[in-house]
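The block underneath contains the structure these notes are about, expressed in structure tokens.
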Amino acid sequence: MGSSRYAAQVAARRLRARGMDAVAEYASAEQRPAFPSGETLTIAISATGGSRETLDAVGHDFVALTNDPASELARRATTVVEMHAGVEEGGVACRSFQHTQLLLHALVEHLTGGDTARTAELARRTAEATEDLLDRRDAWLPTALELLAEDTCDGIFPIAPAERISSALQSALMFREGPRRAADGCETGDWAHVDVYLTKTLRYAAVFLPGSRYDEQALDWLHRRKSTIVGVGGEVPGAALAVRFRHDGHPGVRLMTETLVSELVAAVLWSRGQGQS
């Protein structure tokens with residue numbers, strides 16, 4: 001559920017691209033895909049290990065990916081993989097989301113015969129990119145806050161390629177969960193079919209995460225409608241602000257790091273009391 005499902009979506013897509021049957025399912029779904037018994041690996045993902053829907057969905061033979069090894073989910077599991085994300089005082093899954101994605105990256109490499117050393121290298125680069133964004137926040141965060149403030153736009157709409165859709169969905173969730181702002185994430189190609197209409201009537205602010213072959217199409221509409229664009233992790237023509245970070249040319253580093261921008265903006269808006277707690 002929530003950000004755990006966002007991360008699972010991306011991992012399942014990568015597994016399918018490598019020829020494996022894989023799905024990311026809502027724990028709350030009444031009907032689930034049928035796979036041969038004994039040949040299915042079930043991974044229940046919950047940072048807290050206490051999500052009601054996830055607990056209701058699991059059987060007696062599954063792997064728990066959780067940040068709390070003492071949780072009910074962990075107690076029921078056959079195997080427990082701990083996220084080691086530490087305590088998140090605000091109660092919002094940020095670091096645990098990043099750790100979930102790194103662990104799922106390791107799983108994909110392991111199951112598909114890839115080089116598991118890539119995950120260690122990715123984790124190192126991700127740490128460097130994260131530190132870079134944090135160290136330089138005074139250079140980009142004030143402008144981002146101004147562009148995405150409640151009196152500046154009617155909603156915040158992160159946009160990302162299908163391969164990194166978790167970044168758009170997680171970024172939007174940060175604005176909803178913390179400062180309670182109107183926000184929704186969208187896939188870049190699909191944006192022209194579902195979200196473009198909002199740019200006609202709203203003071204639309206896009207957090208644009210580049211890398212799709214359909215970036216130009218979406219940006220054309222955003223420019224025509226004079227929408228606000230905050231670019232993150234790459235070149236975004238016409239953006240009012242471009243937030244770059246170390247190693248952002250690496251797709252894996254982008255996936256693991258780019259949501260930090262929205263997390264930090266949302267955290268400050270939350271602390272300022274924008275929206276309802």
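To be explicit about the labels: the chains of the structure tokens are called A, B, and onward in the order shown, and within each one the residues are counted from 1, while ligands get numbers from 1 in the order they are shown.
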
Item to complete: List every residue of segment 127-206 of chain A that DSSP, applied to the backbone, labels as helix (DSSP H, G or I), and write the result as a PyMOL selection string.
Response: chain A and resi 127-135+137-147+162-177+188-194+198-201

Exercise: Gln170 of chain A partners within 12 Å, only C-alpha atoms, chain neighbours under 4 positions left out, as a VMD selection string: chain A and resid 1 to 7 9 92 to 98 101 157 to 160 164 to 166 174 to 178 183 to 186 207 255 to 263 266

Neighbours of segment 234-241 of chain A within 9 Å (only C-alpha atoms; same-chain residues fewer than 3 positions away dropped), as an MDAnalysis selection string? chainID A and resid 140 143:144 147 208:211 215:216 219 223 228:231 244:245 248:249 254

Checklist entry - Pick from A:Ala22, A:Ala85, A:Val58, A:Ala182: nearest to Leu148 of chain A, with only C-alpha atoms counted? => result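 Result for the nearest residue to Leu148 of chain A: A:Ala182.
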
- Task: Any chance you could list, as a VMD selection string, the residues in segment 103-255 of chain A that come up strand (DSSP E) when DSSP is run on the backbone?
- Result: chain A and resid 155 to 160 186 to 187 204 to 208 228 to 232 241 to 243

Could you please take those selected residues and save all heavy atoms as a compact mmCIF listing (two decimals), in the first residue's frame?
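Ended up saving to out.txt:
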# COMPACT_ATOMS: atom_id res chain seq x y z
N GLY A 155 -2.05 23.59 -7.08
CA GLY A 155 -1.73 22.18 -6.83
C GLY A 155 -0.33 21.89 -7.33
O GLY A 155 0.25 22.66 -8.12
N ILE A 156 0.25 20.80 -6.85
CA ILE A 156 1.61 20.41 -7.22
C ILE A 156 1.53 19.04 -7.89
O ILE A 156 0.99 18.09 -7.32
CB ILE A 156 2.52 20.36 -5.99
CG1 ILE A 156 2.48 21.70 -5.25
CG2 ILE A 156 3.95 20.00 -6.39
CD1 ILE A 156 3.18 21.70 -3.91
N PHE A 157 2.08 18.95 -9.10
CA PHE A 157 1.87 17.76 -9.93
C PHE A 157 3.20 17.21 -10.44
O PHE A 157 3.68 17.61 -11.50
CB PHE A 157 0.94 18.12 -11.10
CG PHE A 157 -0.39 18.63 -10.66
CD1 PHE A 157 -0.61 19.99 -10.50
CD2 PHE A 157 -1.43 17.75 -10.38
CE1 PHE A 157 -1.84 20.48 -10.07
CE2 PHE A 157 -2.66 18.23 -9.95
CZ PHE A 157 -2.87 19.60 -9.79
N PRO A 158 3.80 16.28 -9.73
CA PRO A 158 5.03 15.63 -10.19
C PRO A 158 4.77 14.75 -11.42
O PRO A 158 3.74 14.07 -11.50
CB PRO A 158 5.46 14.79 -8.99
CG PRO A 158 4.78 15.42 -7.81
CD PRO A 158 3.47 15.90 -8.34
N ILE A 159 5.71 14.77 -12.35
CA ILE A 159 5.60 14.03 -13.60
C ILE A 159 6.89 13.26 -13.82
O ILE A 159 7.98 13.82 -13.73
CB ILE A 159 5.37 15.00 -14.79
CG1 ILE A 159 4.13 15.87 -14.55
CG2 ILE A 159 5.25 14.23 -16.10
CD1 ILE A 159 4.00 17.01 -15.54
N ALA A 160 6.78 11.94 -14.11
CA ALA A 160 7.97 11.11 -14.28
C ALA A 160 7.72 10.02 -15.31
O ALA A 160 6.57 9.63 -15.56
CB ALA A 160 8.37 10.48 -12.95
N CYS A 186 1.88 11.77 -12.09
CA CYS A 186 1.45 11.30 -13.40
C CYS A 186 2.65 10.80 -14.20
O CYS A 186 3.76 11.31 -14.04
CB CYS A 186 0.76 12.44 -14.15
SG CYS A 186 -0.16 11.90 -15.62
N GLU A 187 2.41 9.80 -15.06
CA GLU A 187 3.44 9.30 -15.97
C GLU A 187 3.53 10.24 -17.17
O GLU A 187 2.52 10.75 -17.66
CB GLU A 187 3.07 7.88 -16.41
CG GLU A 187 4.20 7.13 -17.09
CD GLU A 187 4.32 7.44 -18.56
OE1 GLU A 187 3.28 7.70 -19.20
OE2 GLU A 187 5.46 7.44 -19.08
N TYR A 204 -1.15 25.73 -12.50
CA TYR A 204 -0.57 24.38 -12.47
C TYR A 204 0.93 24.47 -12.22
O TYR A 204 1.66 25.19 -12.92
CB TYR A 204 -0.84 23.71 -13.81
CG TYR A 204 -0.58 22.23 -13.88
CD1 TYR A 204 -1.62 21.31 -13.73
CD2 TYR A 204 0.69 21.73 -14.13
CE1 TYR A 204 -1.39 19.94 -13.84
CE2 TYR A 204 0.93 20.37 -14.23
CZ TYR A 204 -0.11 19.48 -14.07
OH TYR A 204 0.12 18.13 -14.18
N ALA A 205 1.42 23.74 -11.24
CA ALA A 205 2.86 23.67 -10.96
C ALA A 205 3.33 22.23 -11.10
O ALA A 205 2.85 21.35 -10.40
CB ALA A 205 3.16 24.18 -9.55
N ALA A 206 4.26 22.01 -12.02
CA ALA A 206 4.78 20.67 -12.27
C ALA A 206 6.16 20.51 -11.66
O ALA A 206 7.03 21.36 -11.85
CB ALA A 206 4.84 20.41 -13.77
N VAL A 207 6.35 19.41 -10.92
CA VAL A 207 7.69 18.98 -10.54
C VAL A 207 8.10 17.97 -11.61
O VAL A 207 7.60 16.84 -11.62
CB VAL A 207 7.71 18.35 -9.14
CG1 VAL A 207 9.10 17.81 -8.82
CG2 VAL A 207 7.28 19.37 -8.09
N PHE A 208 8.94 18.39 -12.52
CA PHE A 208 9.20 17.61 -13.74
C PHE A 208 10.47 16.79 -13.58
O PHE A 208 11.56 17.33 -13.39
CB PHE A 208 9.33 18.55 -14.94
CG PHE A 208 9.07 17.90 -16.26
CD1 PHE A 208 7.80 17.90 -16.82
CD2 PHE A 208 10.10 17.26 -16.93
CE1 PHE A 208 7.55 17.29 -18.03
CE2 PHE A 208 9.86 16.64 -18.15
CZ PHE A 208 8.59 16.65 -18.70
N THR A 228 3.92 26.60 -14.14
CA THR A 228 5.19 26.66 -13.42
C THR A 228 5.87 25.30 -13.50
O THR A 228 5.23 24.26 -13.30
CB THR A 228 4.96 27.03 -11.95
OG1 THR A 228 4.37 28.34 -11.88
CG2 THR A 228 6.25 27.02 -11.16
N ILE A 229 7.17 25.29 -13.80
CA ILE A 229 7.90 24.03 -13.92
C ILE A 229 9.14 24.08 -13.03
O ILE A 229 9.97 24.97 -13.15
CB ILE A 229 8.34 23.77 -15.38
CG1 ILE A 229 7.13 23.79 -16.32
CG2 ILE A 229 9.07 22.43 -15.47
CD1 ILE A 229 7.52 23.74 -17.79
N VAL A 230 9.23 23.10 -12.14
CA VAL A 230 10.44 22.89 -11.34
C VAL A 230 11.07 21.60 -11.84
O VAL A 230 10.49 20.52 -11.71
CB VAL A 230 10.12 22.79 -9.84
CG1 VAL A 230 11.38 22.42 -9.05
CG2 VAL A 230 9.54 24.09 -9.31
N GLY A 231 12.22 21.70 -12.47
CA GLY A 231 12.90 20.53 -13.00
C GLY A 231 13.81 19.91 -11.95
O GLY A 231 14.47 20.63 -11.20
N VAL A 232 13.86 18.58 -11.92
CA VAL A 232 14.66 17.88 -10.92
C VAL A 232 15.48 16.78 -11.59
O VAL A 232 14.93 15.90 -12.25
CB VAL A 232 13.76 17.25 -9.83
CG1 VAL A 232 14.61 16.44 -8.85
CG2 VAL A 232 12.98 18.33 -9.08
N LEU A 241 13.05 26.65 -12.34
CA LEU A 241 14.13 26.23 -11.44
C LEU A 241 14.59 24.86 -11.87
O LEU A 241 13.78 23.98 -12.17
CB LEU A 241 13.63 26.18 -9.99
CG LEU A 241 14.59 25.57 -8.96
CD1 LEU A 241 15.82 26.46 -8.78
CD2 LEU A 241 13.88 25.36 -7.62
N ALA A 242 15.90 24.66 -11.92
CA ALA A 242 16.47 23.35 -12.22
C ALA A 242 17.27 22.90 -11.00
O ALA A 242 18.24 23.55 -10.62
CB ALA A 242 17.37 23.41 -13.45
N VAL A 243 16.85 21.81 -10.38
CA VAL A 243 17.55 21.26 -9.22
C VAL A 243 18.35 20.04 -9.68
O VAL A 243 17.77 19.01 -10.01
CB VAL A 243 16.56 20.86 -8.10
CG1 VAL A 243 17.33 20.37 -6.88
CG2 VAL A 243 15.65 22.03 -7.73

Open item on the list: Between atom CA of Gln217 of chain A and atom CA of Glu150 of chain A, what distance in Å does the model show, to one decimal?
Closed with: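 Atom CA of Gln217 of chain A sits 27.0 Å away from atom CA of Glu150 of chain A.
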
Original post:
Any idea what's packed within 7 Å of segment 65-74 of chain A, counting only C-alpha atoms, ignoring anything in its chain fewer than 5 positions away? Could you give it as a ChimeraX atom specification?
Top reply: /A:43-50,55,80-85,96

Dump N, CA and C atoms for the selected residues as a CSV table (one decimal), in the first residue's frame?
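Listing of selection_3.csv after writing:
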chain,number,residue,atom,x,y,z
A,43,ILE,N,6.4,-11.2,-1.6
A,43,ILE,CA,7.1,-10.2,-0.8
A,43,ILE,C,6.1,-9.2,-0.2
A,44,ALA,N,5.9,-9.2,1.1
A,44,ALA,CA,5.1,-8.2,1.7
A,44,ALA,C,5.9,-7.0,2.2
A,45,ILE,N,5.6,-5.8,1.6
A,45,ILE,CA,6.4,-4.7,1.9
A,45,ILE,C,5.6,-3.7,2.8
A,46,SER,N,6.2,-3.4,4.0
A,46,SER,CA,5.5,-2.4,4.9
A,46,SER,C,6.6,-1.8,5.8
A,47,ALA,N,6.9,-0.5,5.7
A,47,ALA,CA,7.9,0.1,6.5
A,47,ALA,C,7.6,-0.2,8.0
A,48,THR,N,6.4,0.1,8.4
A,48,THR,CA,6.0,-0.1,9.8
A,48,THR,C,5.8,-1.6,10.2
A,49,GLY,N,5.4,-2.4,9.2
A,49,GLY,CA,5.1,-3.8,9.5
A,49,GLY,C,3.8,-3.9,10.1
A,50,GLY,N,2.9,-2.9,10.1
A,50,GLY,CA,1.6,-2.9,10.7
A,50,GLY,C,0.5,-2.5,9.8
A,55,LEU,N,-1.3,-7.0,6.3
A,55,LEU,CA,-1.4,-8.1,7.2
A,55,LEU,C,-2.6,-9.0,6.8
A,80,VAL,N,12.7,-12.4,7.0
A,80,VAL,CA,12.6,-11.0,7.2
A,80,VAL,C,13.8,-10.3,6.6
A,81,VAL,N,13.5,-9.3,5.8
A,81,VAL,CA,14.6,-8.4,5.3
A,81,VAL,C,14.4,-7.0,5.9
A,82,GLU,N,15.3,-6.6,6.7
A,82,GLU,CA,15.2,-5.3,7.4
A,82,GLU,C,15.7,-4.2,6.5
A,83,MET,N,14.9,-3.1,6.5
A,83,MET,CA,15.3,-1.9,5.7
A,83,MET,C,16.4,-1.1,6.3
A,84,HIS,N,16.6,-1.1,7.6
A,84,HIS,CA,17.7,-0.4,8.3
A,84,HIS,C,17.6,1.1,7.9
A,85,ALA,N,16.4,1.7,7.9
A,85,ALA,CA,16.3,3.1,7.5
A,85,ALA,C,16.3,3.9,8.8
A,96,SER,N,12.9,5.3,4.5
A,96,SER,CA,12.5,3.9,4.3
A,96,SER,C,12.0,3.6,2.9

For Arg225 of chain A, find every residue with an atom within 10 Å (counting only C-alpha atoms), except residues of its own chain fewer than 6 positions away, and show them as a list in words. Val196, Leu198, Thr199, Lys200, Thr201, Leu202, Arg203, Tyr204 and Leu219 of chain A

Please identify all polymer residues within 6 Å of segment 51-53 of chain A, counting only C-alpha atoms, omitting same-chain residues fewer than 2 positions from it, and present them as a list in words. Ala27, Ser28, Leu55 and Asp56 of chain A

> Neighbours of Thr40 of chain A within 12 Å (only C-alpha atoms; same-chain residues fewer than 2 positions away dropped), as a list of chain:residue names?
Replying inline: A:Met20, A:Asp21, A:Ala22, A:Val23, A:Pro33, A:Ala34, A:Phe35, A:Pro36, A:Ser37, A:Gly38, A:Thr42, A:Ile43, A:Asp61, A:Phe62, A:Val63

Pairwise distance, atom CA of Leu145 of chain A with atom CA of Val268 of chain A, equals 8.0 Å
